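Coordinates as given in input.pdb (PDB, C-alpha atoms):
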```pdb
MODEL        1
ATOM      1  CA  MET C   1       9.049   6.882   1.304  1.00  0.00           C
ATOM      2  CA  PRO C   2       8.689   5.496   4.832  1.00  0.00           C
ATOM      3  CA  LEU C   3       5.782   3.328   3.736  1.00  0.00           C
ATOM      4  CA  GLY C   4       7.891   1.345   1.260  1.00  0.00           C
ATOM      5  CA  VAL C   5       5.690   2.413  -1.650  1.00  0.00           C
ATOM      6  CA  GLU C   6       7.480   2.538  -5.006  1.00  0.00           C
ATOM      7  CA  LYS C   7       4.525   3.314  -7.252  1.00  0.00           C
ATOM      8  CA  ILE C   8       1.008   4.709  -6.907  1.00  0.00           C
ATOM      9  CA  VAL C   9      -1.682   4.263  -9.554  1.00  0.00           C
ATOM     10  CA  LEU C  10      -5.110   5.943  -9.555  1.00  0.00           C
ATOM     11  CA  LYS C  11      -7.486   4.131 -11.872  1.00  0.00           C
ATOM     12  CA  GLN C  12     -11.242   3.566 -12.036  1.00  0.00           C
ATOM     13  CA  GLY C  13     -11.913   4.915  -8.554  1.00  0.00           C
ATOM     14  CA  LYS C  14      -9.159   2.906  -6.882  1.00  0.00           C
ATOM     15  CA  MET C  15      -5.688   3.732  -5.637  1.00  0.00           C
ATOM     16  CA  TRP C  16      -3.078   0.985  -5.965  1.00  0.00           C
ATOM     17  CA  CYS C  17       0.056   1.439  -3.830  1.00  0.00           C
ATOM     18  CA  TYR C  18       2.815  -0.932  -4.994  1.00  0.00           C
ATOM     19  CA  PHE C  19       5.341  -1.860  -2.327  1.00  0.00           C
ATOM     20  CA  VAL C  20       9.049  -2.531  -2.710  1.00  0.00           C
ATOM     21  CA  GLY C  21       9.530  -5.157  -5.425  1.00  0.00           C
ATOM     22  CA  ASP C  22      12.253  -7.121  -3.630  1.00  0.00           C
ATOM     23  CA  PRO C  23      10.580  -9.606  -1.247  1.00  0.00           C
ATOM     24  CA  GLN C  24      13.859  -9.817   0.697  1.00  0.00           C
ATOM     25  CA  SER C  25      13.878  -6.065   1.362  1.00  0.00           C
ATOM     26  CA  PRO C  26      14.420  -5.079   5.009  1.00  0.00           C
ATOM     27  CA  PHE C  27      11.239  -3.021   4.698  1.00  0.00           C
ATOM     28  CA  TYR C  28       9.140  -6.166   5.137  1.00  0.00           C
ATOM     29  CA  GLN C  29      10.736  -6.724   8.558  1.00  0.00           C
ATOM     30  CA  SER C  30      10.449  -3.071   9.620  1.00  0.00           C
ATOM     31  CA  GLU C  31       8.261  -1.411  12.238  1.00  0.00           C
ATOM     32  CA  GLN C  32       6.579   0.556   9.451  1.00  0.00           C
ATOM     33  CA  PHE C  33       5.416  -2.577   7.666  1.00  0.00           C
ATOM     34  CA  GLN C  34       4.270  -4.178  10.924  1.00  0.00           C
ATOM     35  CA  GLY C  35       2.301  -1.004  11.651  1.00  0.00           C
ATOM     36  CA  LEU C  36       0.660  -1.202   8.221  1.00  0.00           C
ATOM     37  CA  LEU C  37      -0.335  -4.813   8.835  1.00  0.00           C
ATOM     38  CA  GLN C  38      -1.926  -3.829  12.134  1.00  0.00           C
ATOM     39  CA  LEU C  39      -3.716  -0.823  10.619  1.00  0.00           C
ATOM     40  CA  VAL C  40      -5.222  -2.835   7.770  1.00  0.00           C
ATOM     41  CA  ALA C  41      -6.302  -5.579  10.176  1.00  0.00           C
ATOM     42  CA  ALA C  42      -7.912  -3.036  12.497  1.00  0.00           C
ATOM     43  CA  ARG C  43      -9.543  -0.952   9.739  1.00  0.00           C
ATOM     44  CA  PRO C  44     -10.486  -3.237   6.837  1.00  0.00           C
ATOM     45  CA  ASN C  45     -12.763  -0.537   5.377  1.00  0.00           C
ATOM     46  CA  LEU C  46      -9.752   1.711   4.745  1.00  0.00           C
ATOM     47  CA  CYS C  47      -7.824  -0.570   2.376  1.00  0.00           C
ATOM     48  CA  ILE C  48      -6.845  -4.165   1.671  1.00  0.00           C
ATOM     49  CA  PHE C  49      -3.621  -5.965   0.823  1.00  0.00           C
ATOM     50  CA  LYS C  50      -3.451  -7.715  -2.540  1.00  0.00           C
ATOM     51  CA  GLU C  51      -0.765  -9.653  -4.328  1.00  0.00           C
ATOM     52  CA  LYS C  52      -0.443  -9.338  -8.086  1.00  0.00           C
ATOM     53  CA  ASP C  53       1.523 -11.390 -10.603  1.00  0.00           C
ATOM     54  CA  THR C  54       3.684  -9.136 -12.770  1.00  0.00           C
ATOM     55  CA  ARG C  55       6.321  -9.902 -15.373  1.00  0.00           C
ATOM     56  CA  ASN C  56       8.917  -9.296 -12.630  1.00  0.00           C
ATOM     57  CA  GLY C  57       7.247 -11.659 -10.163  1.00  0.00           C
ATOM     58  CA  LYS C  58       4.642 -11.133  -7.457  1.00  0.00           C
ATOM     59  CA  ARG C  59       4.062  -7.625  -6.081  1.00  0.00           C
ATOM     60  CA  LEU C  60       2.392  -6.713  -2.828  1.00  0.00           C
ATOM     61  CA  MET C  61       0.125  -3.680  -2.846  1.00  0.00           C
ATOM     62  CA  LEU C  62      -2.487  -1.838  -0.863  1.00  0.00           C
ATOM     63  CA  VAL C  63      -5.746  -1.119  -2.651  1.00  0.00           C
ATOM     64  CA  PHE C  64      -8.089   1.705  -1.648  1.00  0.00           C
ATOM     65  CA  ASP C  65     -11.644   1.880  -3.020  1.00  0.00           C
ATOM     66  CA  GLY C  66     -13.464   5.141  -3.665  1.00  0.00           C
ATOM     67  CA  VAL C  67     -10.396   7.197  -4.531  1.00  0.00           C
ATOM     68  CA  LYS C  68     -11.580   9.340  -7.411  1.00  0.00           C
ATOM     69  CA  THR C  69      -9.508  12.478  -6.862  1.00  0.00           C
ATOM     70  CA  ALA C  70      -5.929  13.377  -6.057  1.00  0.00           C
ATOM     71  CA  ALA C  71      -7.171  15.058  -2.867  1.00  0.00           C
ATOM     72  CA  ARG C  72      -8.766  11.800  -1.680  1.00  0.00           C
ATOM     73  CA  ALA C  73      -5.569   9.899  -2.553  1.00  0.00           C
ATOM     74  CA  TYR C  74      -3.525  12.377  -0.531  1.00  0.00           C
ATOM     75  CA  SER C  75      -5.908  12.008   2.418  1.00  0.00           C
ATOM     76  CA  ALA C  76      -5.644   8.205   2.323  1.00  0.00           C
ATOM     77  CA  LEU C  77      -1.854   8.352   2.234  1.00  0.00           C
ATOM     78  CA  GLU C  78      -1.815  10.804   5.138  1.00  0.00           C
ATOM     79  CA  GLN C  79      -3.722   8.255   7.232  1.00  0.00           C
ATOM     80  CA  LEU C  80      -1.043   5.677   6.495  1.00  0.00           C
ATOM     81  CA  LEU C  81       1.810   8.071   7.193  1.00  0.00           C
ATOM     82  CA  ALA C  82       0.291   8.844  10.577  1.00  0.00           C
ATOM     83  CA  ILE C  83       1.154   5.317  11.719  1.00  0.00           C
ATOM     84  CA  ALA C  84       4.737   5.336  10.397  1.00  0.00           C
ATOM     85  CA  PRO C  85       7.142   5.567  13.369  1.00  0.00           C
TER      86      PRO C  85
ENDMDL
END
```

Reformat the file's structure so that it appears as structure tokens.
Amino acid sequence: MPLGVEKIVLKQGKMWCYFVGDPQSPFYQSEQFQGLLQLVAARPNLCIFKEKDTRNGKRLMLVFDGVKTAARAYSALEQLLAIAP
């Protein structure tokens, strides 16, 4: 996926998008990731970045509030894909 998302979880009205697990991945230096950083900074009501400790180390993710349906999840992801070069 051009957004570098490896896993998506919908739970308790939130959507958690887990990014590539390898912190040395070229994705984190890509135009797509830079675009995501800019989007989140410009639209903090859309989603936020979080870092989570997992058994495999820290994972970066985007968290969306108010995502209670698959249709809303799809809509949120479409907004992110719109910025991917």

With the PyMOL selection byres ((chain C and resi 70-79) around 12) as the selection, what would be picked from this file? Answer as JSON, numbers by chain, please. {"C": [1, 2, 3, 5, 8, 9, 10, 11, 13, 14, 15, 16, 17, 35, 36, 39, 40, 43, 45, 46, 47, 62, 63, 64, 65, 66, 67, 68, 69, 80, 81, 82, 83, 84]}

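Each of C:Tyr28, C:Phe33, C:Pro44, C:Phe19 was checked against C:Met61 using all atoms listed in the file; the smallest atom-to-atom distance is that of C:Phe19.
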
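Between atom CA of C:Gly4 and atom CA of C:Asp22 the separation is 10.7 Å.
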
Atom CA of C:Gly21 sits from atom CA of C:Glu51 at a separation of 11.3 Å

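The gap separating atom CA of C:Pro26 from atom CA of C:Ala42 is 23.6 Å, in Å to one decimal.
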
Return as lines of an AutoDock Vina configuration file the centre and edge lengths, in Å with one decimal, of the box along x, y and z that encloses every atom of stretch 9-18 of chain C in the file, padded by 8 Å per side.
```
center_x = -4.5
center_y = 2.5
center_z = -7.9
size_x = 30.7
size_y = 22.9
size_z = 24.2
```

Min atom-atom distance to C:Phe49 from the set C:Gln24, C:Gln29, C:Gln12, C:Leu37, counting all atoms listed in the file, belongs to C:Leu37

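With all atoms listed in the file as the basis for measurement, C:Leu60 is the residue among C:Leu60, C:Gln38, C:Gln32, C:Pro23 that approaches C:Lys7 most closely.
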